[in-house]
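my_file-v2.pdb follows; it contains PDB, C-alpha atoms.
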ATOM      1  CA  MET A   1       0.000   0.000   0.000
ATOM      2  CA  THR A   2       1.341   3.394  -0.986
ATOM      3  CA  GLN A   3       1.170   6.096   1.589
ATOM      4  CA  TYR A   4       1.041   9.732   0.498
ATOM      5  CA  PHE A   5       2.802  12.334   2.545
ATOM      6  CA  ASN A   6       2.195  16.057   2.328
ATOM      7  CA  ASP A   7       5.056  16.596  -0.066
ATOM      8  CA  ASP A   8       4.692  13.428  -2.178
ATOM      9  CA  ILE A   9       2.797  13.217  -5.465
ATOM     10  CA  PRO A  10       2.596  10.493  -8.106
ATOM     11  CA  CYS A  11       4.731  10.853 -11.216
ATOM     12  CA  ASN A  12       2.722  11.640 -14.345
ATOM     13  CA  SER A  13       4.357   8.937 -16.436
ATOM     14  CA  CYS A  14       5.307   6.046 -14.106
ATOM     15  CA  ASN A  15       3.033   6.726 -11.082
ATOM     16  CA  ARG A  16       5.859   6.361  -8.541
ATOM     17  CA  LEU A  17       5.819   8.727  -5.602
ATOM     18  CA  ILE A  18       8.089  11.722  -5.917
ATOM     19  CA  ARG A  19       8.428  14.900  -3.929
ATOM     20  CA  LYS A  20       6.308  17.670  -5.394
ATOM     21  CA  TYR A  21       9.282  20.052  -5.396
ATOM     22  CA  ASP A  22      11.510  17.742  -7.463
ATOM     23  CA  GLN A  23      12.187  18.807 -11.027
ATOM     24  CA  THR A  24      12.181  15.278 -12.469
ATOM     25  CA  CYS A  25      11.183  11.777 -11.441
ATOM     26  CA  VAL A  26      14.098   9.718 -10.113
ATOM     27  CA  ALA A  27      12.713   6.505 -11.641
ATOM     28  CA  CYS A  28      11.840   7.503 -15.201
ATOM     29  CA  GLY A  29      13.314  11.003 -15.585
ATOM     30  CA  ALA A  30      10.030  12.616 -16.624
ATOM     31  CA  LYS A  31       9.530  16.273 -15.788
ATOM     32  CA  ASN A  32       7.287  17.038 -12.854
ATOM     33  CA  LYS A  33       4.360  19.002 -14.256
ATOM     34  CA  GLN A  34       3.139  19.964 -10.801
ATOM     35  CA  ASN A  35       6.381  21.744  -9.984
ATOM     36  CA  LYS A  36       5.035  25.137 -10.927
ATOM     37  CA  LYS A  37       6.390  28.344  -9.538
ATOM     38  CA  SER A  38       4.027  29.998  -7.163
ATOM     39  CA  TYR A  39       3.477  33.614  -7.977
ATOM     40  CA  TYR A  40       2.001  36.231  -5.795
ATOM     41  CA  GLY A  41      -1.045  37.583  -7.583
ATOM     42  CA  LEU A  42      -0.820  41.067  -6.126
ATOM     43  CA  ILE A  43       2.814  41.484  -7.136
ATOM     44  CA  ALA A  44       2.058  40.245 -10.647
ATOM     45  CA  PHE A  45      -0.871  42.657 -10.893
ATOM     46  CA  LEU A  46       1.252  45.593  -9.726
ATOM     47  CA  PHE A  47       4.012  44.720 -12.181
ATOM     48  CA  CYS A  48       1.457  44.560 -14.966
ATOM     49  CA  LEU A  49      -0.188  47.810 -13.902
ATOM     50  CA  PHE A  50       2.925  49.931 -13.473
ATOM     51  CA  PHE A  51       5.558  48.250 -15.628
ATOM     52  CA  GLY A  52       3.516  46.295 -18.174
ATOM     53  CA  TYR A  53       4.619  48.539 -21.006
ATOM     54  CA  LEU A  54       8.231  47.688 -20.169
ATOM     55  CA  GLY A  55       7.592  43.955 -20.237
ATOM     56  CA  PHE A  56       8.391  43.315 -16.570
ATOM     57  CA  SER A  57       5.153  41.415 -16.091
ATOM     58  CA  ASN A  58       6.139  38.890 -18.764
ATOM     59  CA  LEU A  59       9.567  38.511 -17.214
ATOM     60  CA  TYR A  60       8.139  38.018 -13.719
ATOM     61  CA  LEU A  61       5.521  35.495 -14.754
ATOM     62  CA  GLY A  62       7.929  33.674 -17.042
ATOM     63  CA  LYS A  63       5.283  33.284 -19.731
ATOM     64  CA  ASN A  64       7.416  34.397 -22.644
ATOM     65  CA  PRO A  65      10.720  35.991 -21.654
ATOM     66  CA  LYS A  66      11.518  36.916 -25.260
ATOM     67  CA  ILE A  67       8.548  39.264 -25.362
ATOM     68  CA  GLY A  68       9.522  40.744 -22.011
ATOM     69  CA  PHE A  69      13.079  41.414 -23.133
ATOM     70  CA  THR A  70      11.800  42.819 -26.427
ATOM     71  CA  PHE A  71       9.512  45.260 -24.604
ATOM     72  CA  LEU A  72      12.359  46.214 -22.300
ATOM     73  CA  PHE A  73      14.774  46.790 -25.188
ATOM     74  CA  ILE A  74      12.274  48.861 -27.178
ATOM     75  CA  SER A  75      11.434  50.951 -24.111
ATOM     76  CA  ILE A  76      15.094  51.690 -23.430
ATOM     77  CA  VAL A  77      15.683  52.646 -27.069
ATOM     78  CA  PHE A  78      12.698  55.013 -27.097
ATOM     79  CA  LEU A  79      13.774  56.516 -23.774
ATOM     80  CA  LEU A  80      17.250  57.210 -25.141
ATOM     81  CA  ILE A  81      15.808  58.738 -28.320
ATOM     82  CA  ALA A  82      13.482  60.950 -26.281
ATOM     83  CA  LEU A  83      16.361  62.110 -24.072
ATOM     84  CA  LEU A  84      18.526  62.893 -27.095
ATOM     85  CA  LEU A  85      15.711  64.837 -28.764
ATOM     86  CA  PHE A  86      15.002  66.763 -25.568
ATOM     87  CA  LYS A  87      18.681  67.611 -25.171
ATOM     88  CA  ALA A  88      18.952  68.702 -28.821
ATOM     89  CA  ASP A  89      15.823  70.851 -28.493
ATOM     90  CA  LYS A  90      17.121  72.442 -25.304
ATOM     91  CA  SER A  91      20.490  73.336 -26.857
ATOM     92  CA  THR A  92      18.896  75.147 -29.831
ATOM     93  CA  THR A  93      16.474  77.167 -27.702
ATOM     94  CA  LYS A  94      17.630  80.736 -27.004
ATOM     95  CA  TYR A  95      16.536  82.605 -23.925
TER      96      TYR A  95
END

Kindly present the structure from the file in structure tokens form.
Amino acid sequence: MTQYFNDDIPCNSCNRLIRKYDQTCVACGAKNKQNKKSYYGLIAFLFCLFFGYLGFSNLYLGKNPKIGFTFLFISIVFLLIALLLFKADKSTTKY
């Protein structure tokens, strides 16, 4: 008879008991699908609300890091362009 403990779950492919925090099964080597990162909903919401345009929410949630880095890169480029244009406009203005 198999006894389940609080931190044991059955493997998805071979049904042997593994710890729920393990990355892979020790018997068959299959990935543990229940080993998901736990995210704090409020922090994810705040990232999305304040820094969503920068892509931080995608980086935090790990959904698609490429999109997050793309947003971050584009935001930095536009920020640098805006600073250069502001500096150029300020230098040509006479008081």

Could you expand the PyMOL selection byres ((chain A and resi 72) around 10) into the explicit residues it covers here, written as a ChimeraX atom specification?
/A:51-56,59,66-71,73-77

Using all atoms listed in the file, which residues sit within 6 Å of Ile9 in chain A once same-chain residues fewer than 4 positions away are excluded, as number ranges by chain?
A: 17-18, 20

Please compute the CA of Ile81 in chain A-CA of Phe47 in chain A distance, one decimal, in Å.
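It comes out at 24.4 Å.
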
Would you kindly return, as a PyMOL selection string, each protein, DNA or RNA residue with an atom no farther than 12 Å from any atom of Phe45 in chain A, considering all atoms listed in the file and excluding same-chain residues fewer than 4 positions away?
chain A and resi 39-41+49-52+56-58+60-61

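Separating CA of Leu80 in chain A from CA of Lys63 in chain A is a distance of 27.3 Å.
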
Just the number, please: distance in Å from CA of Lys31 in chain A to CA of Pro65 in chain A, one decimal.
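Calculated distance between CA of Lys31 in chain A and CA of Pro65 in chain A is 20.6 Å.
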
Do you know which residues the PyMOL selection byres ((chain A and resi 28) around 10) returns on this file, as a PyMOL selection string?
chain A and resi 11+13-16+24-27+29-31

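The result of the PyMOL selection byres ((chain A and resi 21) around 8) on the shown file is Asp7, Arg19, Lys20, Asp22, Gln23 and Asn35 of chain A.
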
As JSON: centre and edge lengths in Å, one decimal, of the axis-aligned box holding range 8-12 of chain A with 8 Å per side:
{"center_x": 3.7, "center_y": 12.0, "center_z": -8.3, "size_x": 18.1, "size_y": 18.9, "size_z": 28.2}
